[in-house]
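Shown next: protein.txt, containing compact mmCIF, N, CA and C atoms.
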# COMPACT_ATOMS: atom_id res chain seq x y z
N MET A 1 -6.65 -37.98 -14.94
CA MET A 1 -6.01 -37.26 -16.02
C MET A 1 -5.38 -35.98 -15.46
N THR A 2 -4.14 -35.69 -15.85
CA THR A 2 -3.48 -34.50 -15.33
C THR A 2 -3.79 -33.29 -16.20
N THR A 3 -3.70 -32.12 -15.57
CA THR A 3 -3.98 -30.88 -16.29
C THR A 3 -2.72 -30.28 -16.89
N GLY A 4 -1.57 -30.80 -16.52
CA GLY A 4 -0.31 -30.24 -16.99
C GLY A 4 0.23 -29.16 -16.07
N PHE A 5 -0.49 -28.87 -15.01
CA PHE A 5 -0.05 -27.87 -14.05
C PHE A 5 0.33 -28.55 -12.74
N THR A 6 1.35 -28.02 -12.11
CA THR A 6 1.78 -28.52 -10.81
C THR A 6 1.52 -27.42 -9.79
N THR A 7 0.89 -27.77 -8.70
CA THR A 7 0.62 -26.77 -7.67
C THR A 7 1.87 -26.50 -6.85
N LEU A 8 1.88 -25.39 -6.16
CA LEU A 8 3.01 -25.06 -5.30
C LEU A 8 3.19 -26.13 -4.23
N ASP A 9 2.09 -26.60 -3.66
CA ASP A 9 2.19 -27.66 -2.64
C ASP A 9 2.84 -28.92 -3.20
N GLU A 10 2.48 -29.28 -4.43
CA GLU A 10 3.08 -30.46 -5.06
C GLU A 10 4.58 -30.25 -5.25
N LEU A 11 4.97 -29.05 -5.70
CA LEU A 11 6.39 -28.76 -5.89
C LEU A 11 7.15 -28.82 -4.57
N LEU A 12 6.57 -28.20 -3.54
CA LEU A 12 7.25 -28.15 -2.25
C LEU A 12 7.34 -29.51 -1.58
N ASN A 13 6.47 -30.43 -1.98
CA ASN A 13 6.50 -31.78 -1.42
C ASN A 13 7.38 -32.74 -2.22
N ASP A 14 7.90 -32.28 -3.33
CA ASP A 14 8.75 -33.12 -4.17
C ASP A 14 10.12 -33.29 -3.48
N PRO A 15 10.56 -34.52 -3.29
CA PRO A 15 11.84 -34.76 -2.60
C PRO A 15 13.03 -34.07 -3.25
N MET A 16 13.07 -34.02 -4.57
CA MET A 16 14.19 -33.38 -5.26
C MET A 16 14.18 -31.87 -5.00
N VAL A 17 13.01 -31.26 -5.04
CA VAL A 17 12.88 -29.83 -4.75
C VAL A 17 13.31 -29.56 -3.31
N GLN A 18 12.91 -30.43 -2.41
CA GLN A 18 13.29 -30.26 -1.00
C GLN A 18 14.80 -30.33 -0.82
N LEU A 19 15.46 -31.24 -1.54
CA LEU A 19 16.92 -31.34 -1.46
C LEU A 19 17.61 -30.07 -1.97
N VAL A 20 17.13 -29.55 -3.09
CA VAL A 20 17.72 -28.34 -3.66
C VAL A 20 17.48 -27.16 -2.72
N MET A 21 16.27 -27.05 -2.17
CA MET A 21 15.98 -25.96 -1.25
C MET A 21 16.86 -26.06 -0.01
N LYS A 22 17.05 -27.27 0.49
CA LYS A 22 17.90 -27.47 1.67
C LYS A 22 19.33 -27.05 1.37
N ARG A 23 19.83 -27.46 0.21
CA ARG A 23 21.19 -27.09 -0.18
C ARG A 23 21.34 -25.57 -0.30
N ASP A 24 20.30 -24.90 -0.81
CA ASP A 24 20.35 -23.45 -1.02
C ASP A 24 19.94 -22.66 0.22
N GLY A 25 19.52 -23.37 1.27
CA GLY A 25 19.13 -22.68 2.49
C GLY A 25 17.81 -21.94 2.38
N VAL A 26 16.90 -22.46 1.55
CA VAL A 26 15.59 -21.85 1.35
C VAL A 26 14.54 -22.68 2.08
N ARG A 27 13.75 -22.01 2.91
CA ARG A 27 12.67 -22.69 3.62
C ARG A 27 11.37 -22.51 2.84
N PRO A 28 10.49 -23.51 2.86
CA PRO A 28 9.24 -23.43 2.11
C PRO A 28 8.43 -22.17 2.44
N GLU A 29 8.41 -21.77 3.72
CA GLU A 29 7.62 -20.58 4.07
C GLU A 29 8.23 -19.31 3.48
N GLN A 30 9.56 -19.28 3.30
CA GLN A 30 10.20 -18.14 2.64
C GLN A 30 9.75 -18.04 1.18
N LEU A 31 9.77 -19.17 0.50
CA LEU A 31 9.37 -19.20 -0.90
C LEU A 31 7.91 -18.81 -1.05
N ARG A 32 7.06 -19.37 -0.20
CA ARG A 32 5.63 -19.05 -0.23
C ARG A 32 5.39 -17.55 -0.03
N SER A 33 6.09 -16.97 0.94
CA SER A 33 5.95 -15.55 1.24
C SER A 33 6.38 -14.69 0.06
N MET A 34 7.52 -15.04 -0.55
CA MET A 34 8.01 -14.30 -1.70
C MET A 34 7.03 -14.37 -2.87
N LEU A 35 6.50 -15.55 -3.12
CA LEU A 35 5.54 -15.71 -4.22
C LEU A 35 4.25 -14.93 -3.96
N GLU A 36 3.80 -14.89 -2.71
CA GLU A 36 2.60 -14.11 -2.38
C GLU A 36 2.83 -12.63 -2.60
N ARG A 37 4.03 -12.13 -2.25
CA ARG A 37 4.35 -10.71 -2.47
C ARG A 37 4.37 -10.40 -3.97
N VAL A 38 4.97 -11.27 -4.75
CA VAL A 38 5.03 -11.05 -6.20
C VAL A 38 3.63 -11.07 -6.79
N GLU A 39 2.82 -12.01 -6.37
CA GLU A 39 1.45 -12.13 -6.89
C GLU A 39 0.61 -10.90 -6.54
N ALA A 40 0.88 -10.29 -5.39
CA ALA A 40 0.09 -9.14 -4.94
C ALA A 40 0.47 -7.85 -5.66
N ARG A 41 1.63 -7.82 -6.32
CA ARG A 41 2.07 -6.61 -7.02
C ARG A 41 1.15 -6.32 -8.20
N PRO A 42 0.99 -5.04 -8.52
CA PRO A 42 0.22 -4.70 -9.73
C PRO A 42 0.92 -5.26 -10.96
N LYS A 43 0.14 -5.74 -11.88
CA LYS A 43 0.70 -6.32 -13.10
C LYS A 43 1.09 -5.20 -14.06
N GLU A 44 2.29 -5.31 -14.63
CA GLU A 44 2.74 -4.33 -15.59
C GLU A 44 2.27 -4.73 -16.98
N ALA A 45 1.77 -3.75 -17.70
CA ALA A 45 1.33 -4.00 -19.07
C ALA A 45 2.55 -4.04 -19.98
N VAL A 46 2.55 -4.94 -20.92
CA VAL A 46 3.62 -5.02 -21.90
C VAL A 46 3.23 -4.12 -23.07
N PRO A 47 4.11 -3.19 -23.47
CA PRO A 47 3.76 -2.31 -24.58
C PRO A 47 3.66 -3.09 -25.88
N PRO A 48 2.91 -2.56 -26.85
CA PRO A 48 2.79 -3.23 -28.15
C PRO A 48 4.16 -3.38 -28.83
N ALA A 49 4.27 -4.35 -29.70
CA ALA A 49 5.55 -4.67 -30.35
C ALA A 49 6.13 -3.46 -31.08
N HIS A 50 5.29 -2.66 -31.75
CA HIS A 50 5.84 -1.53 -32.50
C HIS A 50 6.45 -0.48 -31.57
N VAL A 51 5.95 -0.37 -30.35
CA VAL A 51 6.52 0.57 -29.38
C VAL A 51 7.86 0.05 -28.89
N ILE A 52 7.92 -1.24 -28.62
CA ILE A 52 9.19 -1.84 -28.18
C ILE A 52 10.23 -1.69 -29.28
N ASP A 53 9.84 -1.98 -30.53
CA ASP A 53 10.77 -1.90 -31.65
C ASP A 53 11.31 -0.49 -31.83
N SER A 54 10.44 0.52 -31.81
CA SER A 54 10.92 1.89 -32.02
C SER A 54 11.79 2.33 -30.85
N ARG A 55 11.47 1.91 -29.64
CA ARG A 55 12.27 2.28 -28.48
C ARG A 55 13.65 1.64 -28.55
N CYS A 56 13.72 0.37 -28.92
CA CYS A 56 15.03 -0.29 -28.95
C CYS A 56 15.89 0.29 -30.06
N ARG A 57 15.29 0.68 -31.18
CA ARG A 57 16.07 1.30 -32.24
C ARG A 57 16.59 2.67 -31.80
N ALA A 58 15.73 3.43 -31.14
CA ALA A 58 16.13 4.77 -30.69
C ALA A 58 17.25 4.69 -29.66
N GLU A 59 17.22 3.67 -28.84
CA GLU A 59 18.24 3.52 -27.79
C GLU A 59 19.34 2.56 -28.20
N GLN A 60 19.30 2.11 -29.44
CA GLN A 60 20.28 1.18 -30.00
C GLN A 60 20.43 -0.09 -29.16
N LEU A 61 19.27 -0.64 -28.76
CA LEU A 61 19.28 -1.85 -27.94
C LEU A 61 18.83 -3.08 -28.70
N CYS A 62 18.49 -2.91 -29.97
CA CYS A 62 18.04 -4.06 -30.74
C CYS A 62 19.18 -5.02 -31.00
N LEU A 63 18.86 -6.29 -30.97
CA LEU A 63 19.89 -7.31 -31.24
C LEU A 63 19.84 -7.76 -32.66

Structure re-expressed in structure tokens:
Amino acid sequence: MTTGFTTLDELLNDPMVQLVMKRDGVRPEQLRSMLERVEARPKEAVPPAHVIDSRCRAEQLCL
């Protein structure tokens, strides 16, 4: 039974992913390194919705 999650190794071993990476000039170790750097970064907290709403109104960024 599958969990619905695909591991990075499974993705990197997928022939279609390999073709796209080859076309784009991306090597698996480059992708792995970039993902490790992103994962190591401190996680940013998302402000509560009312803070986002008041900020976007003040800066006229609401859509």

Take every atom of range 30-48 of chain A listed in the file, pad by 6 Å on each side, and give me the axis-aligned box centre and edge lengths in Å, one decimal, as AutoDock Vina command-line options.
--center_x 5.1 --center_y -10.8 --center_z -12.8 --size_x 22.1 --size_y 29.1 --size_z 44.1

> To one decimal place, how far is CA of Asp9 in chain A from CA of Met21 in chain A in Å?
Replying inline: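 Between CA of Asp9 in chain A and CA of Met21 in chain A the gap is 14.0 Å.
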
> Can you tell me how far atom C of Arg27 in chain A sits from atom C of Leu11 in chain A, in Å to one decimal?
Replying inline: 10.6 Å

> With distances taken over only C-alpha atoms, which of A:Arg32, A:Leu19, A:Gly25, A:Ala49 is nearest to Thr7 in chain A?
Replying inline: A:Arg32

> Separation of atom C of Val20 in chain A and CA of Phe5 in chain A, in Å?
Replying inline: 20.9 Å
